[in-house]
Amino acid sequence: MNQPIHLVVNGQAHALTVPHHAPLLNILRNDLHLNAPKYGCGLGECGACTVLVDGIEARACVIPVKGVEGRHITTLEGVGTMDNPHPVQQAFIACQAAQCGYCLNGMIMATVALLARNPSPTQAQARSALAHNLCRCGTHLEILQAVQHAAVLMARTRQNP
Ligand code: FES
Ligand code: FES
């Protein structure tokens, strides 16, 4: 049954009428037309659907939309734009860290969350943080290089805002 709900996504408030048990991913993609979060497994296992909820990475395919009412949801669309990419996006481009690109939403969102809590992760910490984000194309080495490069870019931005 559809019911009213208020969501804050990428800083914008939305009043919607949707089934409260629907996965957040469905609402983001189908109702708000935010298509960066991807449907991969639908089981919370691959990371393709990753968003941030109050700054913490979360798997939008397994979160009922009612569970995030009143929280701040950030999708990749709220992280950077084509004209003004986030340093993490710049790093992924510089390191050519993509093949098909399907995992990239999750990889980038997980990296944004990682660098927010740990601005200079070791290789082992980066590997651990992304361990549950799957890449079927085997781009892991380039992705891990991108994480380190993003940390450098973000440190430079902090020093020269
Ligand atoms: S689609 Fe959500 S974790 Fe795979
Ligand atoms: S680049 Fe294809 S799944 Fe990661």
# chains A, B, ... in the order shown; residues from 1 in each chain; ligands from 1
>>> residues_near_ligand(ligand="ligand 2", cutoff="8 Å", atoms="only C-alpha atoms and all ligand atoms", output="list of chain:residue names")
A:Ala97, A:Ala98, A:Gln99, A:Cys100, A:Gly101, A:Tyr102, A:Cys103, A:Leu104, A:Leu134, A:Cys135, A:Arg136, A:Cys137, A:Gly138, A:Thr139, A:His140
>>> residues_around(residues="range 106-121 of chain A", least_positions_apart="6", cutoff="9 Å", atoms="only C-alpha atoms", output="PDB file with all heavy atoms, in the first residue's frame")
ATOM      1  N   PRO A  37      23.091   4.642  -8.269  1.00  0.00           N
ATOM      2  CA  PRO A  37      23.067   3.369  -7.529  1.00  0.00           C
ATOM      3  C   PRO A  37      22.505   2.270  -8.437  1.00  0.00           C
ATOM      4  O   PRO A  37      21.445   2.442  -9.047  1.00  0.00           O
ATOM      5  CB  PRO A  37      22.118   3.644  -6.353  1.00  0.00           C
ATOM      6  CG  PRO A  37      21.987   5.135  -6.278  1.00  0.00           C
ATOM      7  CD  PRO A  37      22.185   5.640  -7.673  1.00  0.00           C
ATOM      8  N   LYS A  38      23.221   1.169  -8.523  1.00  0.00           N
ATOM      9  CA  LYS A  38      22.871   0.099  -9.461  1.00  0.00           C
ATOM     10  C   LYS A  38      22.249  -1.093  -8.747  1.00  0.00           C
ATOM     11  O   LYS A  38      22.578  -1.378  -7.593  1.00  0.00           O
ATOM     12  CB  LYS A  38      24.120  -0.379 -10.212  1.00  0.00           C
ATOM     13  CG  LYS A  38      24.794   0.685 -11.049  1.00  0.00           C
ATOM     14  CD  LYS A  38      23.969   1.023 -12.275  1.00  0.00           C
ATOM     15  CE  LYS A  38      24.656   2.024 -13.173  1.00  0.00           C
ATOM     16  NZ  LYS A  38      24.511   3.418 -12.692  1.00  0.00           N
ATOM     17  N   CYS A  46      26.754  -7.348  -3.099  1.00  0.00           N
ATOM     18  CA  CYS A  46      27.734  -6.937  -4.128  1.00  0.00           C
ATOM     19  C   CYS A  46      28.193  -5.491  -3.989  1.00  0.00           C
ATOM     20  O   CYS A  46      29.259  -5.128  -4.471  1.00  0.00           O
ATOM     21  CB  CYS A  46      27.171  -7.175  -5.525  1.00  0.00           C
ATOM     22  SG  CYS A  46      25.913  -5.967  -6.037  1.00  0.00           S
ATOM     23  N   GLY A  47      27.382  -4.635  -3.400  1.00  0.00           N
ATOM     24  CA  GLY A  47      27.767  -3.237  -3.197  1.00  0.00           C
ATOM     25  C   GLY A  47      27.414  -2.300  -4.327  1.00  0.00           C
ATOM     26  O   GLY A  47      27.646  -1.090  -4.219  1.00  0.00           O
ATOM     27  N   ALA A  48      26.843  -2.800  -5.416  1.00  0.00           N
ATOM     28  CA  ALA A  48      26.567  -1.929  -6.574  1.00  0.00           C
ATOM     29  C   ALA A  48      25.580  -0.815  -6.241  1.00  0.00           C
ATOM     30  O   ALA A  48      25.568   0.232  -6.881  1.00  0.00           O
ATOM     31  CB  ALA A  48      26.025  -2.764  -7.735  1.00  0.00           C
ATOM     32  N   CYS A  49      24.751  -1.035  -5.233  1.00  0.00           N
ATOM     33  CA  CYS A  49      23.674  -0.096  -4.903  1.00  0.00           C
ATOM     34  C   CYS A  49      24.064   0.881  -3.792  1.00  0.00           C
ATOM     35  O   CYS A  49      23.202   1.601  -3.279  1.00  0.00           O
ATOM     36  CB  CYS A  49      22.456  -0.886  -4.436  1.00  0.00           C
ATOM     37  SG  CYS A  49      22.812  -1.811  -2.920  1.00  0.00           S
ATOM     38  N   THR A  50      25.342   0.933  -3.428  1.00  0.00           N
ATOM     39  CA  THR A  50      25.752   1.668  -2.218  1.00  0.00           C
ATOM     40  C   THR A  50      25.385   3.149  -2.257  1.00  0.00           C
ATOM     41  O   THR A  50      25.596   3.837  -3.264  1.00  0.00           O
ATOM     42  CB  THR A  50      27.271   1.516  -2.002  1.00  0.00           C
ATOM     43  OG1 THR A  50      27.577   0.129  -1.872  1.00  0.00           O
ATOM     44  CG2 THR A  50      27.738   2.249  -0.757  1.00  0.00           C
ATOM     45  N   VAL A  51      24.839   3.627  -1.164  1.00  0.00           N
ATOM     46  CA  VAL A  51      24.591   5.051  -0.928  1.00  0.00           C
ATOM     47  C   VAL A  51      25.161   5.359   0.460  1.00  0.00           C
ATOM     48  O   VAL A  51      25.604   4.460   1.173  1.00  0.00           O
ATOM     49  CB  VAL A  51      23.082   5.384  -0.951  1.00  0.00           C
ATOM     50  CG1 VAL A  51      22.479   5.067  -2.319  1.00  0.00           C
ATOM     51  CG2 VAL A  51      22.327   4.652   0.156  1.00  0.00           C
ATOM     52  N   LEU A  52      25.159   6.638   0.816  1.00  0.00           N
ATOM     53  CA  LEU A  52      25.521   7.020   2.176  1.00  0.00           C
ATOM     54  C   LEU A  52      24.254   7.412   2.920  1.00  0.00           C
ATOM     55  O   LEU A  52      23.416   8.134   2.374  1.00  0.00           O
ATOM     56  CB  LEU A  52      26.505   8.196   2.176  1.00  0.00           C
ATOM     57  CG  LEU A  52      27.793   8.020   1.353  1.00  0.00           C
ATOM     58  CD1 LEU A  52      28.681   9.256   1.503  1.00  0.00           C
ATOM     59  CD2 LEU A  52      28.538   6.760   1.748  1.00  0.00           C
ATOM     60  N   GLY A  55      26.146   9.764   6.102  1.00  0.00           N
ATOM     61  CA  GLY A  55      27.586   9.653   5.879  1.00  0.00           C
ATOM     62  C   GLY A  55      28.149   8.250   5.962  1.00  0.00           C
ATOM     63  O   GLY A  55      29.331   8.048   5.707  1.00  0.00           O
ATOM     64  N   ILE A  56      27.311   7.284   6.325  1.00  0.00           N
ATOM     65  CA  ILE A  56      27.780   5.899   6.460  1.00  0.00           C
ATOM     66  C   ILE A  56      27.300   5.106   5.250  1.00  0.00           C
ATOM     67  O   ILE A  56      26.131   5.198   4.857  1.00  0.00           O
ATOM     68  CB  ILE A  56      27.207   5.237   7.739  1.00  0.00           C
ATOM     69  CG1 ILE A  56      27.504   6.112   8.973  1.00  0.00           C
ATOM     70  CG2 ILE A  56      27.750   3.823   7.911  1.00  0.00           C
ATOM     71  CD1 ILE A  56      28.942   6.238   9.341  1.00  0.00           C
ATOM     72  N   GLU A  57      28.188   4.298   4.656  1.00  0.00           N
ATOM     73  CA  GLU A  57      27.772   3.542   3.486  1.00  0.00           C
ATOM     74  C   GLU A  57      26.697   2.528   3.851  1.00  0.00           C
ATOM     75  O   GLU A  57      26.738   1.926   4.941  1.00  0.00           O
ATOM     76  CB  GLU A  57      28.980   2.867   2.832  1.00  0.00           C
ATOM     77  CG  GLU A  57      29.661   1.837   3.687  1.00  0.00           C
ATOM     78  CD  GLU A  57      31.123   1.678   3.294  1.00  0.00           C
ATOM     79  OE1 GLU A  57      31.386   0.916   2.367  1.00  0.00           O
ATOM     80  OE2 GLU A  57      31.981   2.312   3.941  1.00  0.00           O
ATOM     81  N   ALA A  58      25.756   2.365   2.936  1.00  0.00           N
ATOM     82  CA  ALA A  58      24.629   1.475   3.182  1.00  0.00           C
ATOM     83  C   ALA A  58      24.185   0.885   1.852  1.00  0.00           C
ATOM     84  O   ALA A  58      24.364   1.492   0.801  1.00  0.00           O
ATOM     85  CB  ALA A  58      23.479   2.250   3.825  1.00  0.00           C
ATOM     86  N   ARG A  59      23.601  -0.290   1.922  1.00  0.00           N
ATOM     87  CA  ARG A  59      23.193  -1.011   0.708  1.00  0.00           C
ATOM     88  C   ARG A  59      21.709  -0.757   0.466  1.00  0.00           C
ATOM     89  O   ARG A  59      20.844  -1.288   1.169  1.00  0.00           O
ATOM     90  CB  ARG A  59      23.508  -2.481   0.860  1.00  0.00           C
ATOM     91  CG  ARG A  59      25.002  -2.612   1.221  1.00  0.00           C
ATOM     92  CD  ARG A  59      25.740  -3.673   0.546  1.00  0.00           C
ATOM     93  NE  ARG A  59      27.147  -3.290   0.504  1.00  0.00           N
ATOM     94  CZ  ARG A  59      28.140  -4.091   0.197  1.00  0.00           C
ATOM     95  NH1 ARG A  59      27.882  -5.332  -0.084  1.00  0.00           N
ATOM     96  NH2 ARG A  59      29.364  -3.644   0.148  1.00  0.00           N
ATOM     97  N   THR A  75      23.584  10.054  -2.725  1.00  0.00           N
ATOM     98  CA  THR A  75      23.901   9.148  -3.824  1.00  0.00           C
ATOM     99  C   THR A  75      25.112   9.711  -4.571  1.00  0.00           C
ATOM    100  O   THR A  75      25.545  10.843  -4.319  1.00  0.00           O
ATOM    101  CB  THR A  75      22.724   9.006  -4.796  1.00  0.00           C
ATOM    102  OG1 THR A  75      22.567  10.245  -5.504  1.00  0.00           O
ATOM    103  CG2 THR A  75      21.433   8.650  -4.071  1.00  0.00           C
ATOM    104  N   LEU A  76      25.591   8.954  -5.516  1.00  0.00           N
ATOM    105  CA  LEU A  76      26.748   9.423  -6.297  1.00  0.00           C
ATOM    106  C   LEU A  76      26.447  10.756  -6.978  1.00  0.00           C
ATOM    107  O   LEU A  76      27.348  11.590  -7.130  1.00  0.00           O
ATOM    108  CB  LEU A  76      27.119   8.358  -7.337  1.00  0.00           C
ATOM    109  CG  LEU A  76      28.393   8.592  -8.140  1.00  0.00           C
ATOM    110  CD1 LEU A  76      29.616   8.667  -7.236  1.00  0.00           C
ATOM    111  CD2 LEU A  76      28.576   7.489  -9.170  1.00  0.00           C
ATOM    112  N   VAL A  79      27.607  13.532  -4.886  1.00  0.00           N
ATOM    113  CA  VAL A  79      29.029  13.561  -4.533  1.00  0.00           C
ATOM    114  C   VAL A  79      29.803  14.469  -5.477  1.00  0.00           C
ATOM    115  O   VAL A  79      30.641  15.261  -5.056  1.00  0.00           O
ATOM    116  CB  VAL A  79      29.592  12.115  -4.557  1.00  0.00           C
ATOM    117  CG1 VAL A  79      31.110  12.110  -4.536  1.00  0.00           C
ATOM    118  CG2 VAL A  79      29.050  11.332  -3.372  1.00  0.00           C
ATOM    119  N   VAL A  88      37.607  11.809  -5.423  1.00  0.00           N
ATOM    120  CA  VAL A  88      37.587  10.343  -5.592  1.00  0.00           C
ATOM    121  C   VAL A  88      37.250  10.001  -7.045  1.00  0.00           C
ATOM    122  O   VAL A  88      37.855   9.097  -7.648  1.00  0.00           O
ATOM    123  CB  VAL A  88      36.594   9.684  -4.614  1.00  0.00           C
ATOM    124  CG1 VAL A  88      36.442   8.199  -4.920  1.00  0.00           C
ATOM    125  CG2 VAL A  88      37.056   9.884  -3.173  1.00  0.00           C
ATOM    126  N   GLN A  89      36.314  10.715  -7.621  1.00  0.00           N
ATOM    127  CA  GLN A  89      35.987  10.469  -9.033  1.00  0.00           C
ATOM    128  C   GLN A  89      37.180  10.831  -9.917  1.00  0.00           C
ATOM    129  O   GLN A  89      37.501  10.112 -10.875  1.00  0.00           O
ATOM    130  CB  GLN A  89      34.745  11.275  -9.424  1.00  0.00           C
ATOM    131  CG  GLN A  89      33.490  10.771  -8.716  1.00  0.00           C
ATOM    132  CD  GLN A  89      32.298  11.697  -8.919  1.00  0.00           C
ATOM    133  OE1 GLN A  89      32.358  12.871  -8.613  1.00  0.00           O
ATOM    134  NE2 GLN A  89      31.222  11.133  -9.450  1.00  0.00           N
ATOM    135  N   PHE A  92      39.648   7.982  -9.750  1.00  0.00           N
ATOM    136  CA  PHE A  92      39.243   6.796 -10.518  1.00  0.00           C
ATOM    137  C   PHE A  92      39.478   7.023 -12.013  1.00  0.00           C
ATOM    138  O   PHE A  92      39.889   6.107 -12.733  1.00  0.00           O
ATOM    139  CB  PHE A  92      37.776   6.440 -10.235  1.00  0.00           C
ATOM    140  CG  PHE A  92      37.607   5.521  -9.042  1.00  0.00           C
ATOM    141  CD1 PHE A  92      37.837   5.976  -7.748  1.00  0.00           C
ATOM    142  CD2 PHE A  92      37.240   4.198  -9.210  1.00  0.00           C
ATOM    143  CE1 PHE A  92      37.700   5.133  -6.649  1.00  0.00           C
ATOM    144  CE2 PHE A  92      37.101   3.344  -8.126  1.00  0.00           C
ATOM    145  CZ  PHE A  92      37.328   3.810  -6.838  1.00  0.00           C
ATOM    146  N   ALA A 129      38.349  -2.248   3.377  1.00  0.00           N
ATOM    147  CA  ALA A 129      37.139  -1.425   3.261  1.00  0.00           C
ATOM    148  C   ALA A 129      36.340  -1.777   2.005  1.00  0.00           C
ATOM    149  O   ALA A 129      35.119  -1.657   1.992  1.00  0.00           O
ATOM    150  CB  ALA A 129      37.523   0.055   3.234  1.00  0.00           C
ATOM    151  N   LEU A 130      37.033  -2.200   0.954  1.00  0.00           N
ATOM    152  CA  LEU A 130      36.349  -2.501  -0.310  1.00  0.00           C
ATOM    153  C   LEU A 130      36.149  -4.006  -0.521  1.00  0.00           C
ATOM    154  O   LEU A 130      35.686  -4.417  -1.580  1.00  0.00           O
ATOM    155  CB  LEU A 130      37.146  -1.929  -1.489  1.00  0.00           C
ATOM    156  CG  LEU A 130      37.314  -0.405  -1.515  1.00  0.00           C
ATOM    157  CD1 LEU A 130      38.028   0.030  -2.780  1.00  0.00           C
ATOM    158  CD2 LEU A 130      35.982   0.310  -1.414  1.00  0.00           C
ATOM    159  N   ASN A 133      32.801  -5.123  -1.839  1.00  0.00           N
ATOM    160  CA  ASN A 133      32.307  -4.534  -3.084  1.00  0.00           C
ATOM    161  C   ASN A 133      32.875  -5.375  -4.223  1.00  0.00           C
ATOM    162  O   ASN A 133      34.091  -5.431  -4.406  1.00  0.00           O
ATOM    163  CB  ASN A 133      32.764  -3.072  -3.225  1.00  0.00           C
ATOM    164  CG  ASN A 133      31.994  -2.158  -2.314  1.00  0.00           C
ATOM    165  OD1 ASN A 133      32.223  -2.143  -1.110  1.00  0.00           O
ATOM    166  ND2 ASN A 133      31.060  -1.419  -2.864  1.00  0.00           N
ATOM    167  N   LEU A 134      32.005  -6.017  -4.956  1.00  0.00           N
ATOM    168  CA  LEU A 134      32.462  -6.961  -5.972  1.00  0.00           C
ATOM    169  C   LEU A 134      32.694  -6.268  -7.311  1.00  0.00           C
ATOM    170  O   LEU A 134      31.930  -5.384  -7.698  1.00  0.00           O
ATOM    171  CB  LEU A 134      31.422  -8.079  -6.151  1.00  0.00           C
ATOM    172  CG  LEU A 134      31.034  -8.820  -4.868  1.00  0.00           C
ATOM    173  CD1 LEU A 134      30.106  -9.977  -5.193  1.00  0.00           C
ATOM    174  CD2 LEU A 134      32.263  -9.307  -4.114  1.00  0.00           C
ATOM    175  N   CYS A 135      33.759  -6.672  -7.993  1.00  0.00           N
ATOM    176  CA  CYS A 135      34.026  -6.219  -9.360  1.00  0.00           C
ATOM    177  C   CYS A 135      34.214  -7.460 -10.210  1.00  0.00           C
ATOM    178  O   CYS A 135      35.179  -8.198 -10.045  1.00  0.00           O
ATOM    179  CB  CYS A 135      35.273  -5.339  -9.408  1.00  0.00           C
ATOM    180  SG  CYS A 135      35.738  -4.908 -11.103  1.00  0.00           S
ATOM    181  N   ILE A 143      41.534  -0.076  -8.927  1.00  0.00           N
ATOM    182  CA  ILE A 143      40.631   0.546  -7.952  1.00  0.00           C
ATOM    183  C   ILE A 143      41.394   0.867  -6.658  1.00  0.00           C
ATOM    184  O   ILE A 143      41.260   1.963  -6.102  1.00  0.00           O
ATOM    185  CB  ILE A 143      39.418  -0.367  -7.688  1.00  0.00           C
ATOM    186  CG1 ILE A 143      38.499  -0.355  -8.928  1.00  0.00           C
ATOM    187  CG2 ILE A 143      38.653   0.059  -6.428  1.00  0.00           C
ATOM    188  CD1 ILE A 143      37.399  -1.399  -8.912  1.00  0.00           C
ATOM    189  N   VAL A 147      42.101   4.532  -4.860  1.00  0.00           N
ATOM    190  CA  VAL A 147      41.834   4.914  -3.468  1.00  0.00           C
ATOM    191  C   VAL A 147      43.030   5.687  -2.908  1.00  0.00           C
ATOM    192  O   VAL A 147      42.879   6.749  -2.283  1.00  0.00           O
ATOM    193  CB  VAL A 147      41.539   3.674  -2.595  1.00  0.00           C
ATOM    194  CG1 VAL A 147      41.392   4.073  -1.136  1.00  0.00           C
ATOM    195  CG2 VAL A 147      40.286   2.956  -3.090  1.00  0.00           C
ATOM    196  N   GLN A 148      44.233   5.170  -3.155  1.00  0.00           N
ATOM    197  CA  GLN A 148      45.429   5.859  -2.648  1.00  0.00           C
ATOM    198  C   GLN A 148      45.600   7.218  -3.321  1.00  0.00           C
ATOM    199  O   GLN A 148      45.953   8.207  -2.662  1.00  0.00           O
ATOM    200  CB  GLN A 148      46.681   4.989  -2.884  1.00  0.00           C
ATOM    201  CG  GLN A 148      46.654   3.645  -2.172  1.00  0.00           C
ATOM    202  CD  GLN A 148      46.545   3.772  -0.648  1.00  0.00           C
ATOM    203  OE1 GLN A 148      47.018   4.741  -0.067  1.00  0.00           O
ATOM    204  NE2 GLN A 148      45.882   2.829  -0.011  1.00  0.00           N
ATOM    205  N   ALA A 150      43.223   9.076  -4.546  1.00  0.00           N
ATOM    206  CA  ALA A 150      42.178   9.961  -4.010  1.00  0.00           C
ATOM    207  C   ALA A 150      42.598  10.533  -2.666  1.00  0.00           C
ATOM    208  O   ALA A 150      42.360  11.715  -2.377  1.00  0.00           O
ATOM    209  CB  ALA A 150      40.863   9.194  -3.881  1.00  0.00           C
ATOM    210  N   ALA A 151      43.236   9.707  -1.841  1.00  0.00           N
ATOM    211  CA  ALA A 151      43.694  10.194  -0.528  1.00  0.00           C
ATOM    212  C   ALA A 151      44.701  11.325  -0.716  1.00  0.00           C
ATOM    213  O   ALA A 151      44.661  12.333   0.012  1.00  0.00           O
ATOM    214  CB  ALA A 151      44.302   9.037   0.267  1.00  0.00           C
ATOM    215  N   VAL A 152      45.578  11.194  -1.707  1.00  0.00           N
ATOM    216  CA  VAL A 152      46.571  12.249  -1.977  1.00  0.00           C
ATOM    217  C   VAL A 152      45.867  13.514  -2.463  1.00  0.00           C
ATOM    218  O   VAL A 152      46.160  14.631  -1.993  1.00  0.00           O
ATOM    219  CB  VAL A 152      47.595  11.750  -3.028  1.00  0.00           C
ATOM    220  CG1 VAL A 152      48.489  12.893  -3.495  1.00  0.00           C
ATOM    221  CG2 VAL A 152      48.428  10.610  -2.444  1.00  0.00           C
ATOM    222  N   MET A 154      42.831  14.483  -1.942  1.00  0.00           N
ATOM    223  CA  MET A 154      42.040  15.104  -0.875  1.00  0.00           C
ATOM    224  C   MET A 154      42.942  15.774   0.153  1.00  0.00           C
ATOM    225  O   MET A 154      42.593  16.831   0.695  1.00  0.00           O
ATOM    226  CB  MET A 154      41.110  14.068  -0.245  1.00  0.00           C
ATOM    227  CG  MET A 154      40.004  13.665  -1.226  1.00  0.00           C
ATOM    228  SD  MET A 154      38.854  12.426  -0.598  1.00  0.00           S
ATOM    229  CE  MET A 154      37.981  13.370   0.622  1.00  0.00           C
ATOM    230  N   ALA A 155      44.105  15.200   0.391  1.00  0.00           N
ATOM    231  CA  ALA A 155      45.060  15.852   1.313  1.00  0.00           C
ATOM    232  C   ALA A 155      45.515  17.180   0.723  1.00  0.00           C
ATOM    233  O   ALA A 155      45.621  18.183   1.425  1.00  0.00           O
ATOM    234  CB  ALA A 155      46.252  14.923   1.566  1.00  0.00           C
TER     235      ALA A 155
END
>>> closest_residue(among="A:Pro23, A:Gly44, A:Pro85, A:Pro4", to="ligand 1", atoms="only C-alpha atoms and all ligand atoms")
A:Gly44
>>> closest_residue(among="A:Ala60, A:Leu32, A:Val9, A:Ala22", to="ligand 1", atoms="only C-alpha atoms and all ligand atoms")
A:Ala60
>>> atom_distance(atom1="CA of Leu141 in chain A", atom2="CA of Ala126 in chain A")
11.1 Å
>>> atom_distance(atom1="CA of Asn30 in chain A", atom2="CA of Arg71 in chain A")
19.5 Å
>>> closest_residue(among="A:Asn35, A:Leu153, A:Leu16, A:Val62", to="ligand 1", atoms="only C-alpha atoms and all ligand atoms")
A:Val62
>>> select_by_dssp(residues="chain A", states="strand (DSSP E)", output="PyMOL selection string")
chain A and resi 2-9+12-19+50-53+56-59+72-74
>>> residues_around(residues="Ala15 in chain A", least_positions_apart="3", cutoff="10 Å", atoms="only C-alpha atoms", output="list in words")
Pro4, Ile5, His6, Leu7, Val8 and Val18 of chain A
>>> atom_distance(atom1="CA of Thr17 in chain A", atom2="CA of Cys61 in chain A")
18.7 Å
>>> residues_around(residues="Pro19 in chain A", least_positions_apart="5", cutoff="6 Å", atoms="only C-alpha atoms", output="MDAnalysis selection string")
chainID A and resid 1:3
>>> closest_residue(among="A:Gln12, A:Thr74, A:Thr81, A:Asn105", to="ligand 1", atoms="only C-alpha atoms and all ligand atoms")
A:Asn105
